[in-house]
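Have a look at coords-v6.pdb below; it lists PDB, C-alpha atoms.
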MODEL        1
ATOM      1  CA  MET N   1     -17.070  15.879 153.339
ATOM      2  CA  THR N   2     -18.887  19.120 154.102
ATOM      3  CA  VAL N   3     -17.193  22.420 154.929
ATOM      4  CA  ASP N   4     -18.389  22.204 158.535
ATOM      5  CA  GLU N   5     -16.876  18.736 158.876
ATOM      6  CA  MET N   6     -13.551  20.006 157.484
ATOM      7  CA  VAL N   7     -13.638  22.961 159.899
ATOM      8  CA  GLU N   8     -14.208  20.615 162.816
ATOM      9  CA  GLN N   9     -11.392  18.268 161.810
ATOM     10  CA  ILE N  10      -8.905  21.065 161.132
ATOM     11  CA  ASN N  11      -9.607  22.827 164.433
ATOM     12  CA  SER N  12      -9.361  19.521 166.282
ATOM     13  CA  ALA N  13      -5.998  18.760 164.635
ATOM     14  CA  LEU N  14      -4.705  22.263 165.415
ATOM     15  CA  ASN N  15      -5.729  21.933 169.060
ATOM     16  CA  ASP N  16      -4.053  18.534 169.305
ATOM     17  CA  GLU N  17      -0.831  20.229 168.137
ATOM     18  CA  GLY N  18      -1.248  23.006 170.711
ATOM     19  CA  GLU N  19      -1.866  25.596 167.990
ATOM     20  CA  TYR N  20      -4.627  27.982 168.998
ATOM     21  CA  THR N  21      -3.583  31.083 167.063
ATOM     22  CA  ILE N  22      -5.033  29.690 163.803
ATOM     23  CA  VAL N  23      -8.738  28.945 163.541
ATOM     24  CA  ALA N  24     -10.721  27.358 160.713
ATOM     25  CA  SER N  25     -14.239  28.590 160.035
ATOM     26  CA  ASN N  26     -17.065  28.304 157.530
ATOM     27  CA  GLU N  27     -17.562  31.681 155.865
ATOM     28  CA  SER N  28     -20.650  31.427 153.643
ATOM     29  CA  GLY N  29     -19.719  27.943 152.481
ATOM     30  CA  THR N  30     -16.006  28.761 152.099
ATOM     31  CA  LEU N  31     -13.350  27.170 154.281
ATOM     32  CA  THR N  32     -11.441  30.057 155.851
ATOM     33  CA  LEU N  33      -8.256  29.882 157.920
ATOM     34  CA  THR N  34      -7.661  32.893 160.164
ATOM     35  CA  SER N  35      -4.555  33.729 162.194
ATOM     36  CA  LEU N  36      -4.687  35.830 165.345
ATOM     37  CA  ARG N  37      -1.292  37.240 164.390
ATOM     38  CA  THR N  38      -1.169  40.328 162.189
ATOM     39  CA  GLY N  39       1.028  41.617 159.384
ATOM     40  CA  GLU N  40       3.985  39.551 158.215
ATOM     41  CA  GLU N  41       3.902  37.580 161.474
ATOM     42  CA  ALA N  42       0.688  35.919 160.258
ATOM     43  CA  GLU N  43       1.680  32.655 158.621
ATOM     44  CA  ILE N  44      -0.452  29.671 157.623
ATOM     45  CA  THR N  45       1.091  26.540 156.124
ATOM     46  CA  LEU N  46      -0.877  23.735 154.480
ATOM     47  CA  GLU N  47       0.787  20.338 154.135
ATOM     48  CA  ASP N  48      -0.485  17.004 152.943
ATOM     49  CA  GLY N  49      -0.838  14.595 155.826
ATOM     50  CA  THR N  50      -0.157  10.890 155.824
ATOM     51  CA  ASP N  51      -3.373   8.864 155.764
ATOM     52  CA  THR N  52      -5.245  11.735 157.417
ATOM     53  CA  LEU N  53      -5.589  14.595 154.947
ATOM     54  CA  ASN N  54      -5.445  14.847 151.184
ATOM     55  CA  LEU N  55      -5.427  18.492 150.135
ATOM     56  CA  ALA N  56      -6.113  17.690 146.490
ATOM     57  CA  THR N  57      -9.302  15.882 147.458
ATOM     58  CA  LEU N  58     -10.377  18.964 149.419
ATOM     59  CA  GLY N  59      -9.551  21.298 146.553
ATOM     60  CA  LEU N  60      -6.682  22.890 148.495
ATOM     61  CA  THR N  61      -3.055  23.528 147.545
ATOM     62  CA  ALA N  62      -0.062  22.917 149.789
ATOM     63  CA  GLY N  63       2.048  25.967 150.612
ATOM     64  CA  THR N  64       2.659  28.823 153.002
ATOM     65  CA  THR N  65       0.818  32.128 153.065
ATOM     66  CA  ASN N  66       2.040  35.172 154.954
ATOM     67  CA  GLY N  67       0.103  38.239 155.939
ATOM     68  CA  THR N  68       1.023  41.698 154.744
ATOM     69  CA  THR N  69       1.450  45.018 156.509
ATOM     70  CA  THR N  70      -0.217  48.071 155.010
ATOM     71  CA  GLU N  71       1.138  51.458 155.991
ATOM     72  CA  VAL N  72      -1.666  53.972 156.468
ATOM     73  CA  GLN N  73      -0.477  57.519 155.850
ATOM     74  CA  THR N  74      -3.029  59.038 158.210
ATOM     75  CA  THR N  75      -2.087  56.838 161.147
ATOM     76  CA  GLY N  76      -0.315  58.488 164.054
ATOM     77  CA  ALA N  77       0.941  62.040 164.387
ATOM     78  CA  GLU N  78       3.318  63.887 162.073
ATOM     79  CA  ILE N  79       5.857  65.666 164.299
ATOM     80  CA  VAL N  80       7.998  68.399 162.746
ATOM     81  CA  VAL N  81      11.669  67.842 163.613
ATOM     82  CA  GLY N  82      13.387  70.277 161.285
ATOM     83  CA  SER N  83      13.289  73.740 159.779
ATOM     84  CA  THR N  84      10.630  72.857 157.188
ATOM     85  CA  SER N  85       7.156  71.406 157.502
ATOM     86  CA  ALA N  86       8.198  68.473 155.295
ATOM     87  CA  ASP N  87      10.899  67.381 157.760
ATOM     88  CA  THR N  88       8.719  65.214 159.977
ATOM     89  CA  ILE N  89       8.675  61.901 161.815
ATOM     90  CA  ASN N  90       5.466  59.882 161.937
ATOM     91  CA  LEU N  91       4.787  58.685 165.463
ATOM     92  CA  SER N  92       2.282  55.842 165.672
ATOM     93  CA  ILE N  93       1.655  53.357 168.445
ATOM     94  CA  ALA N  94       0.236  49.927 167.750
ATOM     95  CA  THR N  95      -3.057  48.981 169.377
ATOM     96  CA  LEU N  96      -2.175  46.657 172.250
ATOM     97  CA  THR N  97      -5.494  46.237 173.992
ATOM     98  CA  CYS N  98      -6.586  42.840 175.276
ATOM     99  CA  GLU N  99      -9.094  42.653 172.442
ATOM    100  CA  ALA N 100      -6.483  43.484 169.798
ATOM    101  CA  LEU N 101      -4.127  40.862 171.228
ATOM    102  CA  GLY N 102      -6.892  38.268 171.353
ATOM    103  CA  ILE N 103      -6.552  37.613 175.093
ATOM    104  CA  ASP N 104      -9.786  39.237 176.261
ATOM    105  CA  GLU N 105     -11.792  35.994 176.227
ATOM    106  CA  LEU N 106      -9.261  33.485 177.526
ATOM    107  CA  ASP N 107     -10.648  30.849 179.885
ATOM    108  CA  VAL N 108      -8.198  28.907 182.032
ATOM    109  CA  SER N 109     -10.818  27.006 183.986
ATOM    110  CA  THR N 110     -10.271  23.904 181.825
ATOM    111  CA  GLU N 111      -7.174  22.073 180.652
ATOM    112  CA  GLU N 112      -7.924  22.848 177.000
ATOM    113  CA  GLY N 113      -8.575  26.510 177.842
ATOM    114  CA  ALA N 114      -5.274  26.753 179.720
ATOM    115  CA  ALA N 115      -3.405  25.228 176.766
ATOM    116  CA  GLU N 116      -5.054  27.726 174.426
ATOM    117  CA  ALA N 117      -4.182  30.572 176.808
ATOM    118  CA  LEU N 118      -0.492  29.617 176.750
ATOM    119  CA  SER N 119      -0.410  29.657 172.957
ATOM    120  CA  VAL N 120      -2.284  32.936 172.627
ATOM    121  CA  LEU N 121      -0.280  34.629 175.400
ATOM    122  CA  ASP N 122       2.983  33.672 173.666
ATOM    123  CA  MET N 123       1.680  35.350 170.527
ATOM    124  CA  ALA N 124       0.634  38.447 172.500
ATOM    125  CA  ILE N 125       4.071  38.703 174.128
ATOM    126  CA  ASP N 126       5.700  38.579 170.681
ATOM    127  CA  GLN N 127       3.441  41.382 169.442
ATOM    128  CA  ILE N 128       4.173  43.545 172.486
ATOM    129  CA  SER N 129       7.919  42.961 172.098
ATOM    130  CA  ALA N 130       7.733  43.996 168.432
ATOM    131  CA  ALA N 131       5.795  47.136 169.372
ATOM    132  CA  ARG N 132       8.375  48.025 172.035
ATOM    133  CA  ALA N 133      11.173  47.584 169.501
ATOM    134  CA  GLU N 134       9.404  49.934 167.064
ATOM    135  CA  LEU N 135       8.930  52.547 169.796
ATOM    136  CA  GLY N 136      12.614  52.229 170.734
ATOM    137  CA  ALA N 137      13.600  52.856 167.115
ATOM    138  CA  GLU N 138      11.341  55.927 166.945
ATOM    139  CA  MET N 139      12.830  57.225 170.201
ATOM    140  CA  SER N 140      16.336  56.859 168.781
ATOM    141  CA  ARG N 141      15.302  58.881 165.713
ATOM    142  CA  PHE N 142      13.922  61.658 167.912
ATOM    143  CA  GLU N 143      17.079  61.710 170.055
ATOM    144  CA  PHE N 144      19.276  61.920 166.943
ATOM    145  CA  ARG N 145      17.229  64.790 165.488
ATOM    146  CA  SER N 146      17.248  66.536 168.873
ATOM    147  CA  ALA N 147      21.054  66.395 168.981
ATOM    148  CA  GLN N 148      21.214  67.788 165.425
ATOM    149  CA  ILE N 149      18.876  70.660 166.320
ATOM    150  CA  ASP N 150      20.924  71.467 169.445
ATOM    151  CA  THR N 151      24.078  71.673 167.315
ATOM    152  CA  SER N 152      22.351  73.925 164.765
ATOM    153  CA  VAL N 153      21.096  76.247 167.518
ATOM    154  CA  GLU N 154      24.579  76.449 169.035
ATOM    155  CA  ASN N 155      26.140  77.296 165.652
ATOM    156  CA  LEU N 156      23.519  79.971 164.949
ATOM    157  CA  GLU N 157      24.020  81.543 168.367
ATOM    158  CA  ALA N 158      27.797  81.616 167.832
ATOM    159  CA  ALA N 159      27.347  83.262 164.419
ATOM    160  CA  GLU N 160      24.907  85.809 165.835
ATOM    161  CA  SER N 161      27.308  86.623 168.673
ATOM    162  CA  ALA N 162      30.212  87.103 166.247
ATOM    163  CA  ILE N 163      28.126  89.518 164.163
ATOM    164  CA  ALA N 164      26.597  91.413 167.093
ATOM    165  CA  ASP N 165      29.873  91.817 168.990
ATOM    166  CA  VAL N 166      31.944  93.140 166.068
ATOM    167  CA  ASP N 167      33.671  96.559 166.629
ATOM    168  CA  ILE N 168      32.689  98.554 163.552
ATOM    169  CA  ALA N 169      35.282 101.325 164.138
ATOM    170  CA  ALA N 170      38.142  98.884 164.640
ATOM    171  CA  GLU N 171      37.137  96.844 161.601
ATOM    172  CA  GLN N 172      36.875 100.016 159.488
ATOM    173  CA  ALA N 173      40.355 101.101 160.613
ATOM    174  CA  SER N 174      41.698  97.628 159.831
ATOM    175  CA  LEU N 175      40.085  97.774 156.382
ATOM    176  CA  SER N 176      41.616 101.195 155.694
ATOM    177  CA  SER N 177      45.040 100.012 156.839
ATOM    178  CA  SER N 178      44.802  96.946 154.602
ATOM    179  CA  SER N 179      43.727  99.124 151.668
ATOM    180  CA  VAL N 180      46.760 101.459 152.130
ATOM    181  CA  LYS N 181      49.090  98.478 152.335
ATOM    182  CA  VAL N 182      47.670  97.036 149.132
ATOM    183  CA  GLN N 183      48.073 100.350 147.313
ATOM    184  CA  ALA N 184      51.660 100.715 148.562
ATOM    185  CA  ALA N 185      52.445  97.169 147.429
ATOM    186  CA  VAL N 186      51.010  97.893 143.973
ATOM    187  CA  ALA N 187      53.077 101.108 143.698
ATOM    188  CA  ALA N 188      56.246  99.302 144.785
ATOM    189  CA  ALA N 189      55.643  96.545 142.275
ATOM    190  CA  THR N 190      55.112  99.104 139.520
ATOM    191  CA  GLN N 191      58.364 100.865 140.346
ATOM    192  CA  ALA N 192      60.228  97.574 140.484
ATOM    193  CA  ASN N 193      58.954  96.686 137.014
ATOM    194  CA  GLU N 194      60.106 100.093 135.622
ATOM    195  CA  MET N 195      63.636  99.893 137.147
ATOM    196  CA  PRO N 196      65.168  97.566 134.473
ATOM    197  CA  GLN N 197      63.917  99.939 131.755
ATOM    198  CA  ASN N 198      65.543 102.918 133.516
ATOM    199  CA  LEU N 199      68.835 101.034 133.848
ATOM    200  CA  LEU N 200      68.805 100.173 130.152
ATOM    201  CA  SER N 201      68.243 103.836 129.232
ATOM    202  CA  LEU N 202      71.291 104.856 131.347
ATOM    203  CA  VAL N 203      73.481 102.304 129.596
ATOM    204  CA  GLN N 204      72.495 103.585 126.176
TER     205      GLN N 204
ENDMDL
END
Please express the file's structure as structure tokens.
Amino acid sequence: MTVDEMVEQINSALNDEGEYTIVASNESGTLTLTSLRTGEEAEITLEDGTDTLNLATLGLTAGTTNGTTTEVQTTGAEIVVGSTSADTINLSIATLTCEALGIDELDVSTEEGAAEALSVLDMAIDQISAARAELGAEMSRFEFRSAQIDTSVENLEAAESAIADVDIAAEQASLSSSSVKVQAAVAAATQANEMPQNLLSLVQ
């Protein structure tokens, strides 16, 4: 069986199952399975069929393969949300164009095209829902940091007001009064410590 024949049979079987998000193709003589889904949502499972497909004969191995998500550091915008340039939140929005979602070339003029459209649109809805959830999480982070910054500003303003509104003369007088009281207390304590010695000298 040639690669083209395998591609035709696999695509036909996928279409019969209503699965249009996975497509088999011949890439330079290599059988390639491609999913329209991206990241970890991309999943392709190969199973041995009964009387229809023998993976060993085709040189394939049964199993499931998942896609991976690669975080690109330069994607999105770094927004400073703190007092240092390192305190940032990366804001990135997934590409949700018709082309990126794979719905730009849907044709519902035929029964097969309409069935494919349903499958691909379900996938696109899942991707949009995931993107909305990520944006919601980022919004929550910004709201939390905003509340923290508001609290910090309020505390700084209160501290500044306490310092700016202090009465220097009154505080100096209070300090002098406290200093006199401390000195008087020390003198009284000294005299109290000497009193037993004076009493003993009178007795002798």
Original post:
Could you spell out the hits of the PyMOL selection byres ((chain N and resi 128) around 12) on the shown file, as a ChimeraX atom specification?
Top reply: /N:37,93-98,100-101,121-127,129-135
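The space between atom CA of Ser35 of chain N and atom CA of Ser119 of chain N spans 12.2 Å.
You will find atom CA of Asp165 of chain N at 24.0 Å from atom CA of Ile149 of chain N.
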Please determine an axis-aligned box that encloses all atoms of segment 3-20 of chain N listed in the file, with 3 Å added on each side, and express its centre and edge lengths in Å to one decimal as AutoDock Vina command-line options.
--center_x -9.6 --center_y 23.1 --center_z 162.8 --size_x 23.6 --size_y 15.7 --size_z 21.8
Original post:
Residues picked by the PyMOL selection byres ((chain N and resi 11) around 10) here, as a PyMOL selection string?
Top reply: chain N and resi 6-10+12-17+19-20+22-25+33
Original post:
Nearest to Ile89 of chain N among N:Ser140, N:Gln191, N:Ala159, N:Asp104, with distances taken over only C-alpha atoms: which residue is it?
Top reply: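 Once distances to Ile89 of chain N are computed over only C-alpha atoms, the minimum belongs to N:Ser140.
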**OP:** Around the point (6.3, 59.0, 163.0), in the coordinates given by the file, pick out the residues reaching within 9 Å, counting all atoms listed in the file, and return them as a ChimeraX atom specification.
**Re:** /N:75-79,88-92,138
